[in-house]
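This is upload-v5.txt. It holds compact mmCIF, C-alpha atoms and all ligand atoms.
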```txt
# COMPACT_ATOMS: atom_id res chain seq x y z
CA MET A 7 -22.23 14.61 20.84
CA SER A 8 -23.11 13.45 17.34
CA SER A 9 -20.83 14.12 14.41
CA ARG A 10 -21.80 17.08 12.28
CA SER A 11 -20.31 16.30 8.93
CA PRO A 12 -21.01 13.68 6.35
CA SER A 13 -17.92 11.52 6.39
CA PRO A 14 -18.14 8.03 5.02
CA GLU A 15 -17.72 4.68 6.62
CA PHE A 16 -14.68 2.90 5.26
CA SER A 17 -15.79 1.51 1.94
CA PRO A 18 -13.84 0.75 -1.20
CA LEU A 19 -16.86 2.00 -3.14
CA ALA A 20 -16.64 5.38 -1.45
CA ILE A 21 -13.10 5.88 -2.74
CA GLY A 22 -13.11 5.01 -6.42
CA GLU A 23 -10.63 5.70 -9.23
CA ASP A 24 -7.62 4.81 -7.11
CA LEU A 25 -4.12 5.27 -8.34
CA THR A 26 -2.79 2.72 -5.87
CA PRO A 27 -4.39 -0.12 -3.90
CA LEU A 28 -6.68 0.70 -1.01
CA PRO A 29 -5.88 -0.42 2.51
CA GLN A 30 -7.42 -3.84 3.04
CA TYR A 31 -10.00 -4.70 5.65
CA LYS A 32 -8.35 -6.59 8.46
CA ALA A 33 -9.30 -7.96 11.84
CA ALA A 34 -8.71 -5.79 14.91
CA SER A 35 -5.19 -6.19 16.25
CA THR A 36 -2.38 -4.30 17.97
CA THR A 37 0.83 -3.58 16.09
CA THR A 38 4.04 -1.82 17.04
CA ILE A 39 5.56 0.95 14.95
CA ASP A 40 8.99 2.48 15.43
CA PHE A 41 9.01 4.76 12.36
CA SER A 42 12.24 3.29 10.94
CA ASN A 43 13.95 3.29 14.35
CA LEU A 44 13.13 6.96 14.97
CA LEU A 45 11.29 5.85 18.12
CA GLU A 46 13.38 4.19 20.82
CA THR A 47 10.21 2.88 22.45
CA PRO A 48 7.96 1.66 19.65
CA LEU A 49 4.43 2.96 19.50
CA LYS A 50 1.70 0.43 20.24
CA LEU A 51 -1.23 1.03 17.94
CA HIS A 52 -4.50 -0.78 18.18
CA GLU A 53 -6.26 -0.91 14.83
CA ASP A 54 -9.95 -1.62 14.57
CA LEU A 55 -11.98 -0.70 11.52
CA THR A 56 -15.27 -1.14 13.37
CA SER A 57 -14.59 2.33 14.85
CA GLY A 58 -14.53 3.90 11.40
CA CYS A 59 -12.10 4.34 8.52
CA GLY A 60 -9.50 5.98 10.78
CA GLY A 61 -9.23 2.75 12.74
CA GLN A 62 -6.28 1.57 10.73
CA LEU A 63 -2.95 2.83 9.45
CA TRP A 64 -3.12 5.10 6.43
CA PRO A 65 -0.11 5.90 4.23
CA ALA A 66 -0.04 9.66 4.74
CA GLY A 67 0.02 9.13 8.51
CA MET A 68 3.22 7.13 8.14
CA VAL A 69 4.80 9.82 5.94
CA LEU A 70 3.82 12.68 8.25
CA GLY A 71 4.90 10.67 11.31
CA HIS A 72 8.34 10.03 9.84
CA HIS A 73 8.66 13.68 8.85
CA MET A 74 7.75 15.05 12.27
CA LEU A 75 10.04 12.64 14.13
CA ARG A 76 12.97 13.10 11.77
CA TYR A 77 12.97 16.87 11.30
CA HIS A 78 11.49 18.27 14.49
CA GLY A 79 12.66 18.29 18.07
CA GLU A 80 13.53 21.26 20.20
CA SER A 81 11.21 23.40 18.03
CA LEU A 82 8.24 21.41 19.30
CA ARG A 83 9.09 21.58 23.02
CA ASN A 84 6.96 24.64 23.58
CA ALA A 85 4.44 23.91 20.85
CA ARG A 86 0.70 23.62 21.35
CA ILE A 87 -0.10 20.70 19.05
CA LEU A 88 -3.45 19.62 17.65
CA GLU A 89 -3.99 16.67 15.31
CA LEU A 90 -7.08 16.66 13.07
CA GLY A 91 -8.69 13.47 11.73
CA ALA A 92 -6.27 11.56 13.93
CA GLY A 93 -7.92 8.14 13.55
CA GLY A 94 -6.19 5.92 16.10
CA GLY A 95 -3.76 8.74 16.83
CA LEU A 96 -0.69 7.49 14.94
CA VAL A 97 1.05 10.82 14.32
CA GLY A 98 0.25 12.63 17.56
CA LEU A 99 1.12 9.62 19.69
CA GLY A 100 4.40 9.15 17.83
CA VAL A 101 5.34 12.79 18.45
CA ALA A 102 4.38 12.50 22.13
CA LEU A 103 6.51 9.36 22.54
CA LYS A 104 9.55 10.89 20.89
CA PHE A 105 9.69 14.39 22.31
CA LYS A 106 9.52 15.97 25.74
CA LEU A 107 6.77 18.56 25.37
CA ASP A 108 5.64 21.27 27.75
CA HIS A 109 1.99 21.09 26.65
CA PRO A 110 -0.29 18.08 26.14
CA ILE A 111 -1.01 17.13 22.53
CA TYR A 112 -4.65 17.07 21.48
CA ILE A 113 -5.59 14.32 19.04
CA SER A 114 -9.01 14.87 17.54
CA ASP A 115 -11.54 13.15 15.34
CA GLN A 116 -15.25 12.46 15.18
CA GLU A 117 -17.08 10.95 18.14
CA ASN A 118 -16.86 7.39 16.78
CA MET A 119 -13.04 7.40 17.00
CA ILE A 120 -12.80 8.58 20.60
CA ASP A 121 -12.68 5.12 22.22
CA LEU A 122 -9.91 3.94 19.92
CA MET A 123 -7.86 7.09 20.53
CA ARG A 124 -8.31 6.68 24.28
CA LYS A 125 -7.30 3.01 24.07
CA ASN A 126 -4.12 3.90 22.17
CA ILE A 127 -3.25 6.69 24.59
CA THR A 128 -3.53 4.20 27.47
CA LEU A 129 -1.66 1.44 25.63
CA ASN A 130 1.33 3.78 25.43
CA GLY A 131 1.03 5.21 28.94
CA LEU A 132 0.54 8.71 27.54
CA GLU A 133 -2.52 9.71 29.59
CA SER A 134 -0.86 12.79 31.05
CA ARG A 135 0.63 13.96 27.74
CA VAL A 136 -2.03 13.28 25.11
CA LYS A 137 -5.73 14.17 25.25
CA GLU A 138 -8.45 12.91 22.91
CA LEU A 139 -11.00 15.37 21.63
CA VAL A 140 -14.10 15.42 19.43
CA LEU A 141 -13.50 17.94 16.67
CA SER A 142 -15.78 17.64 13.65
CA TRP A 143 -14.60 19.68 10.68
CA GLY A 144 -16.90 22.54 9.88
CA GLY A 145 -18.36 22.47 13.39
CA PRO A 146 -17.49 24.76 16.27
CA LEU A 147 -13.98 24.42 17.71
CA PRO A 148 -13.97 22.72 21.13
CA ALA A 149 -13.36 24.87 24.21
CA GLU A 150 -9.92 23.27 24.80
CA VAL A 151 -8.82 24.33 21.32
CA LEU A 152 -10.14 27.87 21.73
CA LYS A 153 -8.21 28.10 24.99
CA GLU A 154 -4.93 26.49 23.82
CA LYS A 155 -4.80 28.23 20.42
CA PRO A 156 -2.67 25.48 18.83
CA ASN A 157 0.33 26.66 16.83
CA ILE A 158 1.18 23.31 15.25
CA ILE A 159 -1.60 21.45 13.45
CA LEU A 160 -1.11 17.95 12.09
CA ALA A 161 -3.39 16.44 9.45
CA ALA A 162 -2.70 13.17 7.64
CA ASP A 163 -4.87 11.48 5.04
CA CYS A 164 -7.78 13.82 5.65
CA VAL A 165 -8.44 14.32 1.92
CA TYR A 166 -10.48 11.37 0.71
CA PHE A 167 -14.16 12.36 0.67
CA GLU A 168 -15.11 15.32 -1.49
CA PRO A 169 -18.19 16.53 0.44
CA ALA A 170 -15.97 17.00 3.49
CA PHE A 171 -13.42 19.22 1.66
CA PRO A 172 -15.14 22.57 2.40
CA LEU A 173 -15.66 21.54 6.03
CA LEU A 174 -11.99 20.70 6.47
CA LEU A 175 -10.95 23.94 4.74
CA ALA A 176 -13.27 25.92 7.04
CA THR A 177 -11.73 24.34 10.14
CA LEU A 178 -8.18 24.94 8.90
CA GLU A 179 -9.05 28.57 8.19
CA GLU A 180 -10.56 28.99 11.62
CA LEU A 181 -7.47 27.50 13.27
CA LEU A 182 -5.18 29.87 11.34
CA ASP A 183 -7.37 32.79 12.43
CA LEU A 184 -7.20 31.62 16.02
CA CYS A 185 -3.39 31.50 16.02
CA LYS A 186 -2.00 33.66 13.26
CA GLU A 187 1.50 32.14 13.30
CA ALA A 188 0.25 28.52 13.34
CA VAL A 189 1.74 26.02 10.89
CA ILE A 190 -0.34 23.20 9.49
CA TYR A 191 1.60 20.07 8.50
CA PHE A 192 -0.59 18.47 5.89
CA CYS A 193 0.03 15.14 4.18
CA PHE A 194 -2.33 13.42 1.80
CA LYS A 195 -2.52 10.77 -0.84
CA LYS A 196 -4.04 11.62 -4.19
CA ARG A 197 -6.61 8.99 -5.01
CA ARG A 198 -8.90 10.91 -7.32
CA LYS A 199 -8.59 13.93 -9.57
CA ALA A 200 -10.87 15.83 -7.18
CA ASP A 201 -8.25 15.56 -4.42
CA MET A 202 -6.15 18.15 -6.23
CA HIS A 203 -9.12 20.57 -6.11
CA PHE A 204 -8.68 20.55 -2.36
CA ILE A 205 -5.10 21.82 -2.75
CA LYS A 206 -6.18 24.31 -5.42
CA ASN A 207 -8.70 25.76 -2.97
CA ALA A 208 -6.22 25.62 -0.10
CA LYS A 209 -3.81 27.70 -2.23
CA LYS A 210 -6.46 30.39 -2.61
CA LYS A 211 -6.78 30.67 1.15
CA PHE A 212 -3.33 29.82 2.57
CA ILE A 213 0.37 29.98 1.80
CA VAL A 214 0.98 26.41 0.68
CA GLU A 215 4.55 25.09 0.49
CA GLU A 216 5.78 21.63 -0.37
CA LEU A 217 8.17 20.27 2.24
CA GLU A 218 11.65 18.88 1.71
CA ASP A 219 12.01 15.34 3.02
CA GLU A 220 14.60 12.64 2.34
CA ASP A 221 11.79 10.19 1.52
CA ARG A 222 10.06 12.53 -0.88
CA GLN A 223 11.11 10.74 -4.07
CA THR A 224 9.73 7.50 -2.67
CA PHE A 225 6.44 8.81 -1.37
CA SER A 226 5.89 11.01 -4.46
CA ARG A 227 5.84 7.84 -6.53
CA GLU A 228 2.93 6.70 -4.35
CA ALA A 229 1.08 9.97 -5.08
CA LEU A 230 1.66 11.26 -1.54
CA PHE A 231 2.13 14.99 -0.95
CA LEU A 232 3.51 16.78 2.08
CA TYR A 233 2.83 20.48 2.62
CA THR A 234 2.73 23.24 5.15
CA PHE A 235 -0.17 25.69 5.17
CA LYS A 236 0.24 29.11 6.74
CA ARG A 237 -1.98 32.14 7.05
CA LYS A 238 -1.78 34.68 4.24
CA GLN A 239 -0.83 38.08 5.58
C1 LIG B 301 -8.15 8.25 6.30
S1 LIG B 301 -8.32 8.48 8.01
C2 LIG B 301 -6.73 9.03 8.50
C3 LIG B 301 -6.41 8.70 9.91
C4 LIG B 301 -5.03 9.09 10.39
N1 LIG B 301 -4.84 10.53 10.30
C5 LIG B 301 -3.94 8.38 9.62
O1 LIG B 301 -3.28 9.03 8.81
O2 LIG B 301 -3.74 7.18 9.83
C6 LIG B 301 -9.26 10.01 8.02
C7 LIG B 301 -9.74 10.41 9.38
O3 LIG B 301 -10.46 11.63 9.26
C8 LIG B 301 -11.59 11.55 10.09
N2 LIG B 301 -12.65 12.42 9.59
C9 LIG B 301 -13.34 12.29 8.45
N3 LIG B 301 -14.25 13.26 8.34
C10 LIG B 301 -14.14 14.02 9.44
C11 LIG B 301 -14.82 15.17 9.90
N4 LIG B 301 -15.80 15.70 9.18
N5 LIG B 301 -14.45 15.72 11.07
C12 LIG B 301 -13.44 15.17 11.78
N6 LIG B 301 -12.75 14.07 11.40
C13 LIG B 301 -13.10 13.49 10.25
C14 LIG B 301 -12.01 10.09 10.02
O4 LIG B 301 -12.82 9.73 11.12
C15 LIG B 301 -10.68 9.39 9.99
O5 LIG B 301 -10.23 9.05 11.27
```
Produce structure tokens that represent the structure in this file.
Amino acid sequence: MSSRSPSPEFSPLAIGEDLTPLPQYKAASTTTIDFSNLLETPLKLHEDLTSGCGGQLWPAGMVLGHHMLRYHGESLRNARILELGAGGGLVGLGVALKFKLDHPIYISDQENMIDLMRKNITLNGLESRVKELVLSWGGPLPAEVLKEKPNIILAADCVYFEPAFPLLLATLEELLDLCKEAVIYFCFKKRRKADMHFIKNAKKKFIVEELEDEDRQTFSREALFLYTFKRKQ
């Protein structure tokens, strides 16, 4: 299946006016991440930018990963979890490694990221607990999502390319229509003024709340924001 939406290849030129340095190009490699000791068994993450811009660690993924591992637990046991724009799968894989969950987690992205997601699922022996999925924002929701009706949605560093903003908003809206009590955990880094338009538009559609987190002072200084989005009644 080809991707439906115009998302960019990783390119410093595509993300101008930065407040903080961009991630650097680096050669493909496998790292381990334990989210400040929150994971007993560290996550193995293969990074490879040839798959696309999600093929490496992004700062909001680290913030959201820490948040989910630190503040969630029993509440997720029964959850039906979907990650959007998962890249290599950092957040979803971290959650799957940490918690015993009754349902498999779906980590989703565009077609070009599928091989990397699958590789990282296998690297961590999570084949039975995490499934990779093509989900292009603005396109139709995959059959697995329509069936599962996820009630926890994770999205990290998905705000970085303005033409994709309406597509992402449309998918979030559709997911909140599909499961009315779903909660979207949304973390992003402000790189351009336009990024705040995304939140402005999200506030028109959803209940948007900033989340408490012990690292908030630190990540706020890096222009990182952590929210939940819920359906307006
Ligand atoms: C900056 S990366 C973040 C990756 C990961 N969430 C993290 O925090 O490390 C953004 C991700 O969104 C995905 N993406 C961009 N546009 C998309 C679209 N239209 N539909 C689905 N995924 C998209 C990219 O492929 C990429 O993996």
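You will find atom CA of A:Arg198 at 10.3 Å from atom CA of A:Ala229.
Coordinates place atom CA of A:Pro48 at a distance of 9.0 Å from atom CA of A:Asn130.
With only C-alpha atoms and all ligand atoms counted, the chains near ligand LIG 301 (chain B) contribute these residues within 6 Å: Ser11, Ser13, Cys59, Gly60, Leu63, Trp64, Ala66, Gly67, Gly91, Ala92, Gly93, Leu96, Asp115, Gln116, Leu141, Ser142, Trp143, Ala162, Asp163, Cys164 and Ala170 of chain A.
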Residues from the last selection, C-alpha atoms, saved as an mmCIF file, in the frame of the given file:
```cif
data_model
loop_
_atom_site.group_PDB
_atom_site.id
_atom_site.type_symbol
_atom_site.label_atom_id
_atom_site.label_comp_id
_atom_site.auth_asym_id
_atom_site.auth_seq_id
_atom_site.Cartn_x
_atom_site.Cartn_y
_atom_site.Cartn_z
ATOM 1 C CA SER A 11 -20.310 16.300 8.930
ATOM 2 C CA SER A 13 -17.920 11.520 6.390
ATOM 3 C CA CYS A 59 -12.100 4.340 8.520
ATOM 4 C CA GLY A 60 -9.500 5.980 10.780
ATOM 5 C CA LEU A 63 -2.950 2.830 9.450
ATOM 6 C CA TRP A 64 -3.120 5.100 6.430
ATOM 7 C CA ALA A 66 -0.040 9.660 4.740
ATOM 8 C CA GLY A 67 0.020 9.130 8.510
ATOM 9 C CA GLY A 91 -8.690 13.470 11.730
ATOM 10 C CA ALA A 92 -6.270 11.560 13.930
ATOM 11 C CA GLY A 93 -7.920 8.140 13.550
ATOM 12 C CA LEU A 96 -0.690 7.490 14.940
ATOM 13 C CA ASP A 115 -11.540 13.150 15.340
ATOM 14 C CA GLN A 116 -15.250 12.460 15.180
ATOM 15 C CA LEU A 141 -13.500 17.940 16.670
ATOM 16 C CA SER A 142 -15.780 17.640 13.650
ATOM 17 C CA TRP A 143 -14.600 19.680 10.680
ATOM 18 C CA ALA A 162 -2.700 13.170 7.640
ATOM 19 C CA ASP A 163 -4.870 11.480 5.040
ATOM 20 C CA CYS A 164 -7.780 13.820 5.650
ATOM 21 C CA ALA A 170 -15.970 17.000 3.490
#
```
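Restricting the calculation to only C-alpha atoms, the smallest distance between A:Gly98 and any of A:Gly131, A:Gly79, A:Pro169, A:Gly71 is found for A:Gly71.
Residue nearest A:Asn207 within the list A:Phe171, A:Phe194, A:Phe231, A:Phe105: A:Phe171 [criterion: smallest interatomic distance, only C-alpha atoms].
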Atom-to-atom span, atom CA of A:His109 and atom CA of A:Asp221, Å: 29.1 Å
All residues 10 Å or closer to A:Leu107, all atoms listed in the file, same chain fewer than 2 positions away omitted, as an MDAnalysis selection string: chainID A and resid 79:87 101:105 109:111 135
Restricted to C-alpha atoms, what would the selected residues look like written as a compact mmCIF listing (two decimals), in the frame of the given file?
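Generated output (result09.txt):
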```txt
# COMPACT_ATOMS: atom_id res chain seq x y z
CA GLY A 79 12.66 18.29 18.07
CA GLU A 80 13.53 21.26 20.20
CA SER A 81 11.21 23.40 18.03
CA LEU A 82 8.24 21.41 19.30
CA ARG A 83 9.09 21.58 23.02
CA ASN A 84 6.96 24.64 23.58
CA ALA A 85 4.44 23.91 20.85
CA ARG A 86 0.70 23.62 21.35
CA ILE A 87 -0.10 20.70 19.05
CA VAL A 101 5.34 12.79 18.45
CA ALA A 102 4.38 12.50 22.13
CA LEU A 103 6.51 9.36 22.54
CA LYS A 104 9.55 10.89 20.89
CA PHE A 105 9.69 14.39 22.31
CA HIS A 109 1.99 21.09 26.65
CA PRO A 110 -0.29 18.08 26.14
CA ILE A 111 -1.01 17.13 22.53
CA ARG A 135 0.63 13.96 27.74
```
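Distance annotation: of A:Arg222, A:His72, A:Lys137, A:Lys186, the residue with the minimal separation from A:Gly95 is A:Lys137; atom set is only C-alpha atoms.
Counting all atoms listed in the file, the residue from A:Ile213, A:Leu55, A:Ile158, A:Pro172 that sits nearest to A:Gln239 is A:Ile213.
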Spatial neighbours of A:Thr37, 10 Å, only C-alpha atoms, chain gap at least 5 places, as number ranges by chain: A: 48-53, 63
Restrict the selected residues to C-alpha atoms and save them as an mmCIF file, in the frame of the given file.
```
data_model
loop_
_atom_site.group_PDB
_atom_site.id
_atom_site.type_symbol
_atom_site.label_atom_id
_atom_site.label_comp_id
_atom_site.auth_asym_id
_atom_site.auth_seq_id
_atom_site.Cartn_x
_atom_site.Cartn_y
_atom_site.Cartn_z
ATOM 1 C CA PRO A 48 7.960 1.660 19.650
ATOM 2 C CA LEU A 49 4.430 2.960 19.500
ATOM 3 C CA LYS A 50 1.700 0.430 20.240
ATOM 4 C CA LEU A 51 -1.230 1.030 17.940
ATOM 5 C CA HIS A 52 -4.500 -0.780 18.180
ATOM 6 C CA GLU A 53 -6.260 -0.910 14.830
ATOM 7 C CA LEU A 63 -2.950 2.830 9.450
#
```
Expected residue set, 7 Å radius at (-11.0, 19.2, 9.1), only C-alpha atoms, as a PyMOL selection string: chain A and resi 90-91+142-144+173-175+177-178
Skip A:Glu117 itself and residues of its chain fewer than 2 positions away, then list as an mmCIF file with C-alpha atoms, keeping the file's coordinate frame all residues within 6 Å of it, counting all atoms listed in the file.
```
data_model
loop_
_atom_site.group_PDB
_atom_site.id
_atom_site.type_symbol
_atom_site.label_atom_id
_atom_site.label_comp_id
_atom_site.auth_asym_id
_atom_site.auth_seq_id
_atom_site.Cartn_x
_atom_site.Cartn_y
_atom_site.Cartn_z
ATOM 1 C CA MET A 119 -13.040 7.400 17.000
ATOM 2 C CA ILE A 120 -12.800 8.580 20.600
ATOM 3 C CA VAL A 140 -14.100 15.420 19.430
#
```
Shell around A:Ile190 at 7 Å using only C-alpha atoms, local window under 5 positions removed, as a list in words: Ile158, Ile159, Leu160, Thr234, Phe235 and Lys236 of chain A
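Nearest to A:Thr36 of all the residues A:Glu179, A:Glu89, A:Asp54, A:Asp108 is A:Asp54, counting all atoms listed in the file.
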Please rebuild stretch 196-207 of chain A with all heavy atoms and give the result as a CSV table (one decimal), in the coordinates of the input.
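Result file is result-v4.csv:
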```csv
chain,number,residue,atom,x,y,z
A,196,LYS,N,-3.1,11.3,-3.1
A,196,LYS,CA,-4.0,11.6,-4.2
A,196,LYS,C,-4.6,10.3,-4.7
A,196,LYS,O,-3.9,9.4,-5.2
A,196,LYS,CB,-3.3,12.3,-5.3
A,196,LYS,CG,-4.2,12.6,-6.5
A,196,LYS,CD,-3.5,13.4,-7.6
A,196,LYS,CE,-4.3,13.7,-8.8
A,196,LYS,NZ,-4.7,12.6,-9.6
A,197,ARG,N,-5.9,10.2,-4.5
A,197,ARG,CA,-6.6,9.0,-5.0
A,197,ARG,C,-7.5,9.3,-6.2
A,197,ARG,O,-7.7,8.4,-7.0
A,197,ARG,CB,-7.4,8.4,-3.9
A,197,ARG,CG,-6.6,7.9,-2.7
A,197,ARG,CD,-7.4,7.2,-1.7
A,197,ARG,NE,-6.5,6.7,-0.7
A,197,ARG,CZ,-6.0,7.3,0.3
A,197,ARG,NH1,-6.4,8.6,0.6
A,197,ARG,NH2,-5.1,6.8,1.2
A,198,ARG,N,-8.0,10.5,-6.2
A,198,ARG,CA,-8.9,10.9,-7.3
A,198,ARG,C,-8.5,12.3,-7.8
A,198,ARG,O,-7.9,13.0,-7.1
A,198,ARG,CB,-10.3,11.0,-6.8
A,198,ARG,CG,-10.9,9.7,-6.4
A,198,ARG,CD,-12.3,9.8,-6.0
A,198,ARG,NE,-12.5,10.6,-4.8
A,198,ARG,CZ,-13.7,10.8,-4.2
A,198,ARG,NH1,-14.8,10.3,-4.8
A,198,ARG,NH2,-13.8,11.5,-3.1
A,199,LYS,N,-8.9,12.6,-9.0
A,199,LYS,CA,-8.6,13.9,-9.6
A,199,LYS,C,-9.1,15.0,-8.6
A,199,LYS,O,-8.4,16.0,-8.4
A,199,LYS,CB,-9.2,14.1,-10.9
A,199,LYS,CG,-8.5,13.4,-12.0
A,199,LYS,CD,-9.1,13.8,-13.4
A,199,LYS,CE,-8.9,12.7,-14.4
A,199,LYS,NZ,-10.2,12.1,-14.7
A,200,ALA,N,-10.3,14.8,-8.0
A,200,ALA,CA,-10.9,15.8,-7.2
A,200,ALA,C,-10.0,16.2,-6.0
A,200,ALA,O,-10.1,17.3,-5.5
A,200,ALA,CB,-12.2,15.3,-6.7
A,201,ASP,N,-9.1,15.3,-5.6
A,201,ASP,CA,-8.2,15.6,-4.4
A,201,ASP,C,-7.4,16.8,-4.7
A,201,ASP,O,-7.1,17.5,-3.7
A,201,ASP,CB,-7.4,14.4,-4.1
A,201,ASP,CG,-8.2,13.2,-3.6
A,201,ASP,OD1,-9.4,13.4,-3.3
A,201,ASP,OD2,-7.7,12.1,-3.5
A,202,MET,N,-7.0,17.0,-5.9
A,202,MET,CA,-6.2,18.2,-6.2
A,202,MET,C,-7.0,19.4,-6.2
A,202,MET,O,-6.4,20.5,-6.0
A,202,MET,CB,-5.4,18.0,-7.6
A,202,MET,CG,-4.3,17.0,-7.6
A,202,MET,SD,-3.4,16.7,-6.1
A,202,MET,CE,-2.0,17.8,-6.2
A,203,HIS,N,-8.3,19.4,-6.3
A,203,HIS,CA,-9.1,20.6,-6.1
A,203,HIS,C,-9.0,21.1,-4.7
A,203,HIS,O,-9.1,22.3,-4.4
A,203,HIS,CB,-10.6,20.3,-6.4
A,203,HIS,CG,-10.9,19.9,-7.8
A,203,HIS,ND1,-12.0,19.3,-8.2
A,203,HIS,CD2,-10.1,20.0,-8.9
A,203,HIS,CE1,-12.0,19.0,-9.5
A,203,HIS,NE2,-10.8,19.4,-9.9
A,204,PHE,N,-8.8,20.1,-3.8
A,204,PHE,CA,-8.7,20.6,-2.4
A,204,PHE,C,-7.4,21.5,-2.2
A,204,PHE,O,-7.5,22.5,-1.6
A,204,PHE,CB,-8.5,19.3,-1.4
A,204,PHE,CG,-8.3,19.7,0.0
A,204,PHE,CD1,-9.4,19.9,0.8
A,204,PHE,CD2,-7.1,20.0,0.5
A,204,PHE,CE1,-9.3,20.3,2.1
A,204,PHE,CE2,-6.9,20.4,1.8
A,204,PHE,CZ,-8.0,20.6,2.6
A,205,ILE,N,-6.3,21.0,-2.8
A,205,ILE,CA,-5.1,21.8,-2.8
A,205,ILE,C,-5.3,23.1,-3.5
A,205,ILE,O,-4.8,24.2,-3.1
A,205,ILE,CB,-3.9,21.0,-3.3
A,205,ILE,CG1,-3.6,19.8,-2.3
A,205,ILE,CG2,-2.6,21.8,-3.5
A,205,ILE,CD1,-3.3,20.3,-0.9
A,206,LYS,N,-5.9,23.1,-4.6
A,206,LYS,CA,-6.2,24.3,-5.4
A,206,LYS,C,-6.9,25.3,-4.5
A,206,LYS,O,-6.6,26.5,-4.5
A,206,LYS,CB,-7.0,24.0,-6.7
A,206,LYS,CG,-6.7,24.8,-7.8
A,206,LYS,CD,-7.4,24.3,-9.1
A,206,LYS,CE,-8.1,25.4,-9.8
A,206,LYS,NZ,-9.0,25.0,-10.8
A,207,ASN,N,-7.9,24.9,-3.8
A,207,ASN,CA,-8.7,25.8,-3.0
A,207,ASN,C,-7.9,26.2,-1.8
A,207,ASN,O,-8.0,27.3,-1.3
A,207,ASN,CB,-10.0,25.1,-2.5
A,207,ASN,CG,-11.0,25.0,-3.7
A,207,ASN,OD1,-11.0,25.9,-4.6
A,207,ASN,ND2,-11.8,24.0,-3.7
```
